[in-house]
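Enquirer: Dropping in entry.pdb, with PDB, C-alpha atoms, pLDDT in the B column.
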ATOM      1  CA  MET A   1     -79.719 -49.211  -9.238  1.00 51.00           C
ATOM      2  CA  ALA A   2     -80.195 -52.851  -8.246  1.00 60.00           C
ATOM      3  CA  GLY A   3     -82.471 -53.635 -11.164  1.00 81.00           C
ATOM      4  CA  PHE A   4     -80.222 -52.182 -13.831  1.00 83.00           C
ATOM      5  CA  ARG A   5     -76.672 -53.491 -14.415  1.00 83.00           C
ATOM      6  CA  PRO A   6     -75.470 -53.064 -18.027  1.00 85.00           C
ATOM      7  CA  ALA A   7     -71.928 -54.125 -18.887  1.00 86.00           C
ATOM      8  CA  ARG A   8     -69.426 -51.288 -19.044  1.00 88.00           C
ATOM      9  CA  GLY A   9     -68.094 -52.112 -22.518  1.00 89.00           C
ATOM     10  CA  LEU A  10     -71.541 -52.404 -24.046  1.00 89.00           C
ATOM     11  CA  THR A  11     -72.597 -49.165 -22.342  1.00 91.00           C
ATOM     12  CA  ILE A  12     -69.699 -47.255 -23.873  1.00 93.00           C
ATOM     13  CA  LEU A  13     -70.378 -48.750 -27.304  1.00 93.00           C
ATOM     14  CA  THR A  14     -74.107 -47.955 -27.047  1.00 93.00           C
ATOM     15  CA  MET A  15     -73.492 -44.355 -25.992  1.00 94.00           C
ATOM     16  CA  VAL A  16     -71.076 -43.819 -28.871  1.00 95.00           C
ATOM     17  CA  CYS A  17     -73.562 -45.277 -31.373  1.00 95.00           C
ATOM     18  CA  VAL A  18     -76.519 -43.311 -29.978  1.00 95.00           C
ATOM     19  CA  LEU A  19     -74.519 -40.080 -30.118  1.00 96.00           C
ATOM     20  CA  ALA A  20     -73.589 -40.828 -33.732  1.00 97.00           C
ATOM     21  CA  PHE A  21     -77.201 -41.659 -34.687  1.00 95.00           C
ATOM     22  CA  PHE A  22     -78.595 -38.511 -33.055  1.00 96.00           C
ATOM     23  CA  SER A  23     -75.841 -36.402 -34.646  1.00 97.00           C
ATOM     24  CA  LEU A  24     -76.741 -37.786 -38.075  1.00 96.00           C
ATOM     25  CA  GLY A  25     -80.425 -37.098 -37.405  1.00 96.00           C
ATOM     26  CA  THR A  26     -79.667 -33.525 -36.363  1.00 97.00           C
ATOM     27  CA  TRP A  27     -77.544 -33.023 -39.486  1.00 97.00           C
ATOM     28  CA  GLN A  28     -80.404 -34.261 -41.664  1.00 96.00           C
ATOM     29  CA  VAL A  29     -82.769 -31.814 -39.941  1.00 96.00           C
ATOM     30  CA  ARG A  30     -80.404 -28.957 -40.770  1.00 97.00           C
ATOM     31  CA  ARG A  31     -80.168 -30.199 -44.366  1.00 95.00           C
ATOM     32  CA  HIS A  32     -83.959 -30.370 -44.562  1.00 95.00           C
ATOM     33  CA  LEU A  33     -84.284 -26.755 -43.411  1.00 95.00           C
ATOM     34  CA  TRP A  34     -81.600 -25.629 -45.864  1.00 94.00           C
ATOM     35  CA  ARG A  35     -83.161 -27.591 -48.731  1.00 92.00           C
ATOM     36  CA  THR A  36     -86.637 -26.172 -48.014  1.00 92.00           C
ATOM     37  CA  ALA A  37     -85.311 -22.609 -48.154  1.00 93.00           C
ATOM     38  CA  ASP A  38     -83.275 -23.371 -51.303  1.00 88.00           C
ATOM     39  CA  LEU A  39     -86.274 -24.863 -53.133  1.00 89.00           C
ATOM     40  CA  ALA A  40     -88.458 -21.905 -52.144  1.00 91.00           C
ATOM     41  CA  GLU A  41     -85.854 -19.480 -53.509  1.00 88.00           C
ATOM     42  CA  LYS A  42     -85.546 -21.403 -56.789  1.00 86.00           C
ATOM     43  CA  SER A  43     -89.343 -21.618 -57.166  1.00 88.00           C
ATOM     44  CA  ALA A  44     -89.533 -17.851 -56.758  1.00 90.00           C
ATOM     45  CA  ARG A  45     -87.093 -17.426 -59.666  1.00 89.00           C
ATOM     46  CA  ILE A  46     -89.632 -18.956 -62.043  1.00 90.00           C
ATOM     47  CA  GLU A  47     -91.803 -15.860 -61.654  1.00 89.00           C
ATOM     48  CA  LEU A  48     -88.956 -13.445 -62.486  1.00 89.00           C
ATOM     49  CA  ALA A  49     -88.418 -11.865 -65.895  1.00 90.00           C
ATOM     50  CA  ALA A  50     -86.821 -14.007 -68.585  1.00 91.00           C
ATOM     51  CA  VAL A  51     -83.068 -13.785 -69.204  1.00 92.00           C
ATOM     52  CA  GLU A  52     -80.904 -14.355 -72.263  1.00 92.00           C
ATOM     53  CA  LEU A  53     -79.232 -17.738 -72.530  1.00 91.00           C
ATOM     54  CA  ALA A  54     -75.875 -16.062 -73.158  1.00 89.00           C
ATOM     55  CA  GLN A  55     -76.252 -14.293 -69.818  1.00 89.00           C
ATOM     56  CA  ALA A  56     -77.013 -17.545 -68.033  1.00 89.00           C
ATOM     57  CA  GLU A  57     -73.963 -19.264 -69.560  1.00 88.00           C
ATOM     58  CA  GLU A  58     -71.738 -17.020 -67.420  1.00 88.00           C
ATOM     59  CA  ASP A  59     -73.346 -18.236 -64.176  1.00 91.00           C
ATOM     60  CA  PRO A  60     -75.563 -21.321 -64.725  1.00 91.00           C
ATOM     61  CA  ASP A  61     -76.102 -21.920 -61.014  1.00 89.00           C
ATOM     62  CA  GLY A  62     -77.043 -18.305 -60.347  1.00 89.00           C
ATOM     63  CA  TYR A  63     -79.682 -18.376 -63.095  1.00 92.00           C
ATOM     64  CA  ALA A  64     -81.113 -21.813 -62.320  1.00 91.00           C
ATOM     65  CA  PHE A  65     -84.897 -21.972 -62.863  1.00 92.00           C
ATOM     66  CA  ARG A  66     -85.021 -18.579 -64.564  1.00 94.00           C
ATOM     67  CA  ARG A  67     -87.124 -18.395 -67.708  1.00 94.00           C
ATOM     68  CA  THR A  68     -85.446 -18.034 -71.087  1.00 95.00           C
ATOM     69  CA  GLU A  69     -86.168 -18.243 -74.818  1.00 95.00           C
ATOM     70  CA  VAL A  70     -83.928 -19.698 -77.507  1.00 95.00           C
ATOM     71  CA  ARG A  71     -84.350 -20.120 -81.279  1.00 96.00           C
ATOM     72  CA  GLY A  72     -82.659 -22.680 -83.438  1.00 95.00           C
ATOM     73  CA  ARG A  73     -82.875 -26.107 -85.024  1.00 96.00           C
ATOM     74  CA  PHE A  74     -83.119 -29.396 -83.156  1.00 96.00           C
ATOM     75  CA  GLU A  75     -80.411 -31.941 -83.933  1.00 95.00           C
ATOM     76  CA  LEU A  76     -83.012 -34.674 -84.361  1.00 95.00           C
ATOM     77  CA  ALA A  77     -80.436 -37.383 -85.015  1.00 93.00           C
ATOM     78  CA  ASP A  78     -79.052 -36.870 -81.507  1.00 95.00           C
ATOM     79  CA  THR A  79     -82.355 -37.180 -79.659  1.00 95.00           C
ATOM     80  CA  ILE A  80     -82.435 -39.479 -76.639  1.00 95.00           C
ATOM     81  CA  LEU A  81     -85.428 -40.778 -74.734  1.00 96.00           C
ATOM     82  CA  VAL A  82     -85.229 -41.072 -70.952  1.00 95.00           C
ATOM     83  CA  GLY A  83     -87.551 -43.405 -69.169  1.00 89.00           C
ATOM     84  CA  PRO A  84     -89.741 -44.978 -68.216  1.00 91.00           C
ATOM     85  CA  VAL A  85     -91.222 -41.832 -66.641  1.00 91.00           C
ATOM     86  CA  GLU A  86     -94.686 -41.594 -65.078  1.00 90.00           C
ATOM     87  CA  ARG A  87     -97.039 -38.678 -65.607  1.00 90.00           C
ATOM     88  CA  GLY A  88    -100.133 -39.135 -63.539  1.00 86.00           C
ATOM     89  CA  HIS A  89    -101.094 -42.762 -64.096  1.00 88.00           C
ATOM     90  CA  ALA A  90     -99.546 -42.979 -67.580  1.00 92.00           C
ATOM     91  CA  LEU A  91     -96.138 -44.367 -68.438  1.00 94.00           C
ATOM     92  CA  GLY A  92     -93.888 -42.754 -71.001  1.00 95.00           C
ATOM     93  CA  ALA A  93     -90.546 -41.022 -71.530  1.00 96.00           C
ATOM     94  CA  ARG A  94     -88.959 -37.592 -71.682  1.00 96.00           C
ATOM     95  CA  VAL A  95     -87.435 -36.345 -74.944  1.00 96.00           C
ATOM     96  CA  PHE A  96     -84.012 -34.676 -74.858  1.00 97.00           C
ATOM     97  CA  THR A  97     -82.623 -33.093 -78.035  1.00 97.00           C
ATOM     98  CA  PRO A  98     -79.646 -30.759 -78.558  1.00 97.00           C
ATOM     99  CA  LEU A  99     -80.455 -27.503 -80.345  1.00 97.00           C
ATOM    100  CA  ARG A 100     -78.141 -25.495 -82.606  1.00 96.00           C
ATOM    101  CA  ARG A 101     -78.864 -21.840 -82.008  1.00 95.00           C
ATOM    102  CA  GLU A 102     -79.962 -19.756 -84.957  1.00 93.00           C
ATOM    103  CA  GLY A 103     -76.997 -18.130 -86.650  1.00 90.00           C
ATOM    104  CA  SER A 104     -74.368 -20.180 -84.806  1.00 91.00           C
ATOM    105  CA  ALA A 105     -71.489 -21.995 -86.505  1.00 90.00           C
ATOM    106  CA  THR A 106     -71.718 -25.698 -87.259  1.00 89.00           C
ATOM    107  CA  ASP A 107     -69.078 -26.459 -84.618  1.00 89.00           C
ATOM    108  CA  ALA A 108     -70.678 -24.270 -81.933  1.00 94.00           C
ATOM    109  CA  ALA A 109     -71.781 -25.755 -78.607  1.00 95.00           C
ATOM    110  CA  ARG A 110     -75.382 -26.964 -78.638  1.00 96.00           C
ATOM    111  CA  VAL A 111     -78.086 -26.291 -76.070  1.00 97.00           C
ATOM    112  CA  LEU A 112     -79.550 -29.454 -74.562  1.00 97.00           C
ATOM    113  CA  VAL A 113     -83.339 -29.168 -74.420  1.00 97.00           C
ATOM    114  CA  ASP A 114     -85.696 -31.254 -72.315  1.00 96.00           C
ATOM    115  CA  ARG A 115     -88.612 -31.042 -74.724  1.00 96.00           C
ATOM    116  CA  GLY A 116     -91.107 -32.717 -72.384  1.00 95.00           C
ATOM    117  CA  TRP A 117     -92.985 -35.941 -71.794  1.00 96.00           C
ATOM    118  CA  ILE A 118     -94.503 -38.361 -74.314  1.00 95.00           C
ATOM    119  CA  PRO A 119     -96.712 -41.416 -73.672  1.00 95.00           C
ATOM    120  CA  GLN A 120     -95.229 -44.845 -74.215  1.00 93.00           C
ATOM    121  CA  THR A 121     -97.317 -45.428 -77.331  1.00 93.00           C
ATOM    122  CA  GLU A 122     -95.641 -42.431 -79.010  1.00 92.00           C
ATOM    123  CA  THR A 123     -92.019 -43.389 -78.366  1.00 92.00           C
ATOM    124  CA  PRO A 124     -91.451 -44.881 -81.868  1.00 92.00           C
ATOM    125  CA  ARG A 125     -92.391 -41.534 -83.427  1.00 91.00           C
ATOM    126  CA  PHE A 126     -89.718 -39.702 -81.447  1.00 92.00           C
ATOM    127  CA  MET A 127     -86.880 -42.165 -81.928  1.00 92.00           C
ATOM    128  CA  PRO A 128     -83.969 -40.351 -83.618  1.00 90.00           C
ATOM    129  CA  PRO A 129     -83.630 -40.581 -87.409  1.00 90.00           C
ATOM    130  CA  PRO A 130     -80.199 -41.422 -88.908  1.00 86.00           C
ATOM    131  CA  SER A 131     -79.591 -37.720 -89.619  1.00 85.00           C
ATOM    132  CA  GLY A 132     -81.280 -34.362 -89.992  1.00 87.00           C
ATOM    133  CA  GLU A 133     -82.337 -31.166 -88.259  1.00 87.00           C
ATOM    134  CA  SER A 134     -85.754 -29.701 -87.530  1.00 90.00           C
ATOM    135  CA  GLU A 135     -87.170 -26.493 -88.871  1.00 92.00           C
ATOM    136  CA  VAL A 136     -86.358 -23.363 -86.881  1.00 93.00           C
ATOM    137  CA  VAL A 137     -88.188 -23.517 -83.565  1.00 94.00           C
ATOM    138  CA  THR A 138     -88.546 -21.265 -80.548  1.00 94.00           C
ATOM    139  CA  VAL A 139     -88.163 -22.958 -77.173  1.00 95.00           C
ATOM    140  CA  ARG A 140     -89.419 -21.252 -74.037  1.00 95.00           C
ATOM    141  CA  GLY A 141     -88.385 -22.856 -70.827  1.00 95.00           C
ATOM    142  CA  LEU A 142     -86.474 -22.895 -67.575  1.00 95.00           C
ATOM    143  CA  LEU A 143     -82.696 -22.808 -67.284  1.00 95.00           C
ATOM    144  CA  LEU A 144     -81.003 -25.688 -65.492  1.00 93.00           C
ATOM    145  CA  PRO A 145     -77.254 -25.963 -64.828  1.00 93.00           C
ATOM    146  CA  LEU A 146     -75.608 -28.804 -66.741  1.00 94.00           C
ATOM    147  CA  ALA A 147     -72.752 -30.544 -64.922  1.00 93.00           C
ATOM    148  CA  LEU A 148     -70.084 -30.596 -67.642  1.00 93.00           C
ATOM    149  CA  ARG A 149     -67.057 -31.291 -65.401  1.00 91.00           C
ATOM    150  CA  GLU A 150     -66.454 -34.733 -66.946  1.00 88.00           C
ATOM    151  CA  ALA A 151     -68.113 -34.116 -70.319  1.00 88.00           C
ATOM    152  CA  VAL A 152     -66.089 -34.501 -73.510  1.00 92.00           C
ATOM    153  CA  PRO A 153     -67.534 -34.573 -77.050  1.00 94.00           C
ATOM    154  CA  GLY A 154     -67.235 -37.912 -78.783  1.00 93.00           C
ATOM    155  CA  SER A 155     -68.752 -39.706 -81.737  1.00 90.00           C
ATOM    156  CA  ARG A 156     -72.210 -40.882 -82.764  1.00 88.00           C
ATOM    157  CA  ASP A 157     -70.832 -44.399 -83.190  1.00 86.00           C
ATOM    158  CA  PRO A 158     -71.874 -46.226 -81.095  1.00 84.00           C
ATOM    159  CA  ARG A 159     -75.024 -44.353 -80.153  1.00 86.00           C
ATOM    160  CA  ARG A 160     -77.567 -45.022 -77.413  1.00 90.00           C
ATOM    161  CA  THR A 161     -81.050 -43.735 -78.071  1.00 93.00           C
ATOM    162  CA  TYR A 162     -82.651 -44.719 -74.757  1.00 92.00           C
ATOM    163  CA  PHE A 163     -81.345 -43.843 -71.295  1.00 93.00           C
ATOM    164  CA  PRO A 164     -82.890 -45.305 -68.109  1.00 93.00           C
ATOM    165  CA  ARG A 165     -82.258 -42.024 -66.294  1.00 91.00           C
ATOM    166  CA  PHE A 166     -80.728 -38.589 -66.792  1.00 93.00           C
ATOM    167  CA  SER A 167     -80.095 -35.751 -64.374  1.00 91.00           C
ATOM    168  CA  PRO A 168     -78.405 -32.485 -65.393  1.00 92.00           C
ATOM    169  CA  ASP A 169     -76.587 -32.259 -62.041  1.00 89.00           C
ATOM    170  CA  ARG A 170     -74.964 -35.715 -62.361  1.00 92.00           C
ATOM    171  CA  PRO A 171     -71.566 -35.290 -64.109  1.00 94.00           C
ATOM    172  CA  SER A 172     -71.303 -38.992 -64.967  1.00 94.00           C
ATOM    173  CA  LEU A 173     -74.685 -39.049 -66.731  1.00 94.00           C
ATOM    174  CA  VAL A 174     -73.992 -35.807 -68.600  1.00 94.00           C
ATOM    175  CA  ALA A 175     -70.606 -37.207 -69.663  1.00 94.00           C
ATOM    176  CA  LYS A 176     -72.231 -40.386 -71.041  1.00 94.00           C
ATOM    177  CA  LEU A 177     -74.600 -38.295 -73.133  1.00 94.00           C
ATOM    178  CA  ASN A 178     -71.918 -35.918 -74.411  1.00 95.00           C
ATOM    179  CA  SER A 179     -69.633 -38.843 -75.303  1.00 94.00           C
ATOM    180  CA  GLN A 180     -72.000 -39.774 -78.144  1.00 94.00           C
ATOM    181  CA  LEU A 181     -72.274 -36.230 -79.506  1.00 94.00           C
ATOM    182  CA  PRO A 182     -69.689 -34.773 -81.928  1.00 94.00           C
ATOM    183  CA  TYR A 183     -69.920 -31.313 -80.347  1.00 95.00           C
ATOM    184  CA  ALA A 184     -69.806 -29.657 -76.933  1.00 95.00           C
ATOM    185  CA  LEU A 185     -72.841 -28.700 -74.873  1.00 96.00           C
ATOM    186  CA  VAL A 186     -73.641 -25.337 -73.301  1.00 95.00           C
ATOM    187  CA  GLY A 187     -73.356 -25.267 -69.497  1.00 94.00           C
ATOM    188  CA  ALA A 188     -77.052 -24.426 -69.073  1.00 94.00           C
ATOM    189  CA  MET A 189     -79.795 -26.616 -70.543  1.00 95.00           C
ATOM    190  CA  VAL A 190     -83.408 -25.603 -71.150  1.00 96.00           C
ATOM    191  CA  GLN A 191     -86.458 -27.431 -69.829  1.00 95.00           C
ATOM    192  CA  SER A 192     -89.398 -26.577 -72.081  1.00 95.00           C
ATOM    193  CA  VAL A 193     -92.529 -25.241 -70.394  1.00 92.00           C
ATOM    194  CA  GLU A 194     -94.798 -25.430 -73.449  1.00 90.00           C
ATOM    195  CA  PRO A 195     -96.184 -28.357 -75.453  1.00 88.00           C
ATOM    196  CA  GLU A 196     -94.814 -28.512 -78.982  1.00 88.00           C
ATOM    197  CA  SER A 197     -96.865 -28.332 -82.155  1.00 82.00           C
ATOM    198  CA  GLY A 198     -99.236 -31.290 -82.167  1.00 81.00           C
ATOM    199  CA  CYS A 199     -99.298 -31.237 -78.344  1.00 87.00           C
ATOM    200  CA  LEU A 200     -96.314 -33.603 -78.003  1.00 91.00           C
ATOM    201  CA  PRO A 201     -93.905 -33.636 -76.286  1.00 94.00           C
ATOM    202  CA  ILE A 202     -95.709 -32.084 -73.312  1.00 92.00           C
ATOM    203  CA  GLY A 203     -93.537 -29.359 -71.844  1.00 89.00           C
ATOM    204  CA  GLU A 204     -94.723 -27.846 -68.565  1.00 87.00           C
ATOM    205  CA  VAL A 205     -93.410 -25.840 -65.651  1.00 84.00           C
ATOM    206  CA  ALA A 206     -91.756 -28.234 -63.225  1.00 79.00           C
ATOM    207  CA  ARG A 207     -91.114 -26.913 -59.732  1.00 79.00           C
ATOM    208  CA  PRO A 208     -87.745 -27.818 -58.216  1.00 82.00           C
ATOM    209  CA  VAL A 209     -87.834 -30.818 -55.907  1.00 82.00           C
ATOM    210  CA  SER A 210     -85.360 -32.261 -53.455  1.00 85.00           C
ATOM    211  CA  PRO A 211     -83.403 -35.266 -54.733  1.00 80.00           C
ATOM    212  CA  VAL A 212     -83.112 -36.518 -51.138  1.00 86.00           C
ATOM    213  CA  ASP A 213     -85.771 -37.038 -48.459  1.00 92.00           C
ATOM    214  CA  HIS A 214     -83.853 -35.392 -45.605  1.00 94.00           C
ATOM    215  CA  ARG A 215     -86.844 -35.499 -43.263  1.00 94.00           C
ATOM    216  CA  GLY A 216     -87.248 -39.228 -43.785  1.00 95.00           C
ATOM    217  CA  TYR A 217     -83.564 -39.818 -43.128  1.00 95.00           C
ATOM    218  CA  ALA A 218     -83.756 -37.717 -39.950  1.00 96.00           C
ATOM    219  CA  ILE A 219     -86.683 -39.777 -38.648  1.00 96.00           C
ATOM    220  CA  THR A 220     -84.775 -42.968 -39.461  1.00 97.00           C
ATOM    221  CA  TRP A 221     -81.621 -41.927 -37.589  1.00 96.00           C
ATOM    222  CA  PHE A 222     -83.555 -40.686 -34.536  1.00 96.00           C
ATOM    223  CA  THR A 223     -85.580 -43.923 -34.491  1.00 97.00           C
ATOM    224  CA  VAL A 224     -82.448 -46.073 -34.682  1.00 96.00           C
ATOM    225  CA  GLY A 225     -80.925 -44.071 -31.829  1.00 95.00           C
ATOM    226  CA  ALA A 226     -84.014 -44.437 -29.666  1.00 96.00           C
ATOM    227  CA  LEU A 227     -84.233 -48.191 -30.352  1.00 96.00           C
ATOM    228  CA  SER A 228     -80.560 -48.576 -29.449  1.00 94.00           C
ATOM    229  CA  LEU A 229     -81.206 -46.864 -26.113  1.00 94.00           C
ATOM    230  CA  ALA A 230     -84.255 -49.036 -25.468  1.00 94.00           C
ATOM    231  CA  ALA A 231     -82.277 -52.202 -26.256  1.00 93.00           C
ATOM    232  CA  TRP A 232     -79.487 -51.096 -23.896  1.00 92.00           C
ATOM    233  CA  VAL A 233     -81.976 -50.458 -21.066  1.00 92.00           C
ATOM    234  CA  GLU A 234     -83.638 -53.839 -21.593  1.00 91.00           C
ATOM    235  CA  TYR A 235     -80.258 -55.566 -21.646  1.00 89.00           C
ATOM    236  CA  GLY A 236     -79.263 -53.846 -18.387  1.00 89.00           C
ATOM    237  CA  ARG A 237     -82.449 -54.973 -16.639  1.00 89.00           C
ATOM    238  CA  ARG A 238     -82.160 -58.540 -17.905  1.00 88.00           C
ATOM    239  CA  ARG A 239     -78.522 -58.740 -16.847  1.00 85.00           C
ATOM    240  CA  ALA A 240     -79.424 -57.458 -13.356  1.00 85.00           C
ATOM    241  CA  ARG A 241     -82.026 -60.229 -12.977  1.00 84.00           C
ATOM    242  CA  GLU A 242     -79.523 -62.879 -14.140  1.00 81.00           C
ATOM    243  CA  LEU A 243     -76.864 -61.669 -11.707  1.00 81.00           C
ATOM    244  CA  GLY A 244     -79.370 -61.668  -8.902  1.00 67.00           C
TER
END
Rewrite the structure from the file as structure tokens, please.

Expert:
Amino acid sequence: MAGFRPARGLTILTMVCVLAFFSLGTWQVRRHLWRTADLAEKSARIELAAVELAQAEEDPDGYAFRRTEVRGRFELADTILVGPVERGHALGARVFTPLRREGSATDAARVLVDRGWIPQTETPRFMPPPSGESEVVTVRGLLLPLALREAVPGSRDPRRTYFPRFSPDRPSLVAKLNSQLPYALVGAMVQSVEPESGCLPIGEVARPVSPVDHRGYAITWFTVGALSLAAWVEYGRRRARELG
């Protein structure tokens, strides 16, 4: 082709890069399809019958997003607030408090409970007191696996009462939380689906969502690949004109 003369080295490099970009895009498409099916399956679990927490402890991943009910006392002194978190157009935080199950020993593992969302104006009311437990409460919620691989109980001194973020599937974040608690945590936490007495915190059913936008990544990789091809074609044409 007289009007198209790309350099051999650049052609090889471009083809390698385009193949890599398209391969990454295809992989993200497969991940998107897998993630969509996984989220649909987990959402369906919410409608199943409730299970006992003790049953879920044996297989936290297998019982993810199943409903459960647990009774006990909140360890109010170990409450943390996570935020800022938006709810609609309002800014606030989520309240996380360990719960000692009714009838359990003082050194037993606690159940971490995501009690729900509070508006920013209410955060002082939910800051942890120096010590103390709540009255006996019943928490109804969804089971979520808690990544305890790096978690080791520690001490309340020093203690952080506000975390910028927390995710139960992030071992490093779970470890940071457990390091300021003088007891172990159960491998399955509970996300409350009901508002507490007084309407706060606001617990509600939260459908599982993907932590990664696989579709967006796929579009990005395919776009980069296409632009690389277009740049290679334009370079080949320009080089042909320069070489006459």

Enquirer: Could you make a table, as CSV, of the residues of region 70-153 of chain A that have an atom within 9 Å of an atom of region 43-54 of chain A, each with its nearest atom pair and distance in Å to one decimal, counting all atoms listed in the file, in chain and number order?

Expert:
residue,atom,partner,partner_atom,distance
A:Val70,CA,A:Leu53,CA,7.1
A:Leu142,CA,A:Ile46,CA,7.5
A:Leu143,CA,A:Leu53,CA,8.1

Enquirer: Could you dump the residues just selected with C-alpha atoms as a PDB file, in the frame of the given file?

Expert:
ATOM      1  CA  VAL A  70     -83.928 -19.698 -77.507  1.00 95.00           C
ATOM      2  CA  LEU A 142     -86.474 -22.895 -67.575  1.00 95.00           C
ATOM      3  CA  LEU A 143     -82.696 -22.808 -67.284  1.00 95.00           C
TER       4      LEU A 143
END

Enquirer: Residues near region 237-241 of chain A, anyone? I mean within 7 Å using all atoms listed in the file, not counting same-chain ones fewer than 5 positions away, as a compact mmCIF listing (two decimals) with C-alpha atoms, keeping the file's coordinate frame.

Expert:
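Contents of part-v9.txt, freshly written:
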# COMPACT_ATOMS: atom_id res chain seq x y z
CA ALA A 2 -80.19 -52.85 -8.25
CA GLY A 3 -82.47 -53.64 -11.16
CA PHE A 4 -80.22 -52.18 -13.83
CA ARG A 5 -76.67 -53.49 -14.42
CA PRO A 6 -75.47 -53.06 -18.03

Enquirer: Expressed in Å to a single decimal, how great is the separation between CA of Gln55 (chain A) and CA of Ala188 (chain A)?

Expert: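 One can read the CA of Gln55 (chain A) to CA of Ala188 (chain A) distance as 10.2 Å.
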
Enquirer: Quick one: which residues end up in the PyMOL selection byres ((chain A and resi 85-99) around 10) for this structure, as JSON, numbers by chain?

Expert: {"A": [70, 71, 72, 73, 74, 75, 76, 77, 78, 79, 80, 81, 82, 83, 84, 100, 101, 102, 109, 110, 111, 112, 113, 114, 115, 116, 117, 118, 119, 120, 121, 122, 123, 126, 127, 128, 133, 134, 136, 137, 139, 162, 163, 164, 165, 166, 181, 183, 185, 186, 189, 190, 191, 200, 201, 202, 203]}

Enquirer: Starting from the displayed file, determine the output of the PyMOL selection byres ((chain A and resi 209) around 10) and express the residue list as a PDB file with C-alpha atoms, keeping the file's coordinate frame.

Expert:
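Writing the result to out_3.pdb gives the following:
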ATOM      1  CA  ARG A  35     -83.161 -27.591 -48.731  1.00 92.00           C
ATOM      2  CA  THR A  36     -86.637 -26.172 -48.014  1.00 92.00           C
ATOM      3  CA  ASP A  38     -83.275 -23.371 -51.303  1.00 88.00           C
ATOM      4  CA  LEU A  39     -86.274 -24.863 -53.133  1.00 89.00           C
ATOM      5  CA  ALA A  40     -88.458 -21.905 -52.144  1.00 91.00           C
ATOM      6  CA  LYS A  42     -85.546 -21.403 -56.789  1.00 86.00           C
ATOM      7  CA  SER A  43     -89.343 -21.618 -57.166  1.00 88.00           C
ATOM      8  CA  ALA A 206     -91.756 -28.234 -63.225  1.00 79.00           C
ATOM      9  CA  ARG A 207     -91.114 -26.913 -59.732  1.00 79.00           C
ATOM     10  CA  PRO A 208     -87.745 -27.818 -58.216  1.00 82.00           C
ATOM     11  CA  SER A 210     -85.360 -32.261 -53.455  1.00 85.00           C
ATOM     12  CA  PRO A 211     -83.403 -35.266 -54.733  1.00 80.00           C
ATOM     13  CA  VAL A 212     -83.112 -36.518 -51.138  1.00 86.00           C
ATOM     14  CA  ASP A 213     -85.771 -37.038 -48.459  1.00 92.00           C
TER      15      ASP A 213
END

Enquirer: To verify the selection step, state as a PyMOL selection string which residues the PyMOL selection byres ((chain A and resi 180) around 7) yields on this input.

Expert: chain A and resi 153-157+159+177-179+181-182

Enquirer: Residues proximal to (-74.4, -32.0, -64.7) were defined as those with any atom within 12 Å of that point in the file's coordinates, counting all atoms listed in the file. Which are they, as a list in words?

Expert: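 Residues with an atom at most 12 Å from (-74.4, -32.0, -64.7): Pro60, Asp61, Leu112, Leu144, Pro145, Leu146, Ala147, Leu148, Arg149, Glu150, Ala151, Phe166, Ser167, Pro168, Asp169, Arg170, Pro171, Ser172, Leu173, Val174, Ala175, Lys176, Leu177, Asn178, Leu185, Val186, Gly187, Ala188 and Met189 of chain A.
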
Enquirer: Which residues are near Leu24 (chain A)? Cut-off 10 Å, all atoms listed in the file, ignore same chain within fewer than 2 positions. Put them as a list in words.

Expert: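 Contacts, with the query itself left out: Val18, Leu19, Ala20, Phe21, Phe22, Thr26, Trp27, Gln28, Val29, Arg30, Tyr217, Ala218, Thr220, Trp221, Phe222 and Gly225 of chain A.
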
Enquirer: From the list A:Gly236, A:Pro158, A:Pro195, A:Gly141, which residue is nearest Thr68 (chain A) when using all atoms listed in the file?

Expert: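 Closest residue, counting all atoms listed in the file: A:Gly141.
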
Enquirer: Please measure the separation of CA of His214 (chain A) and CA of Arg31 (chain A), giving the value in Å to one decimal.

Expert: 6.5 Å

Enquirer: In Å, rounded to a single decimal, give me how far CA of Glu57 (chain A) is from CA of Arg140 (chain A).

Expert: 16.2 Å

Enquirer: For Ala184 (chain A), which of A:Ser197, A:Ala230, A:Ala108, A:Pro124 is the closest residue, counting all atoms listed in the file?

Expert: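 Once distances to Ala184 (chain A) are computed over all atoms listed in the file, the minimum belongs to A:Ala108.
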
Enquirer: How big is the axis-aligned box, and where does its centre sit, when it encloses all atoms of region 93-103 of chain A listed in the file and has 8 Å added on every side, reported in Å to one decimal as lines of an AutoDock Vina configuration file?

Expert:
center_x = -83.8
center_y = -29.6
center_z = -79.1
size_x = 29.5
size_y = 38.9
size_z = 31.1
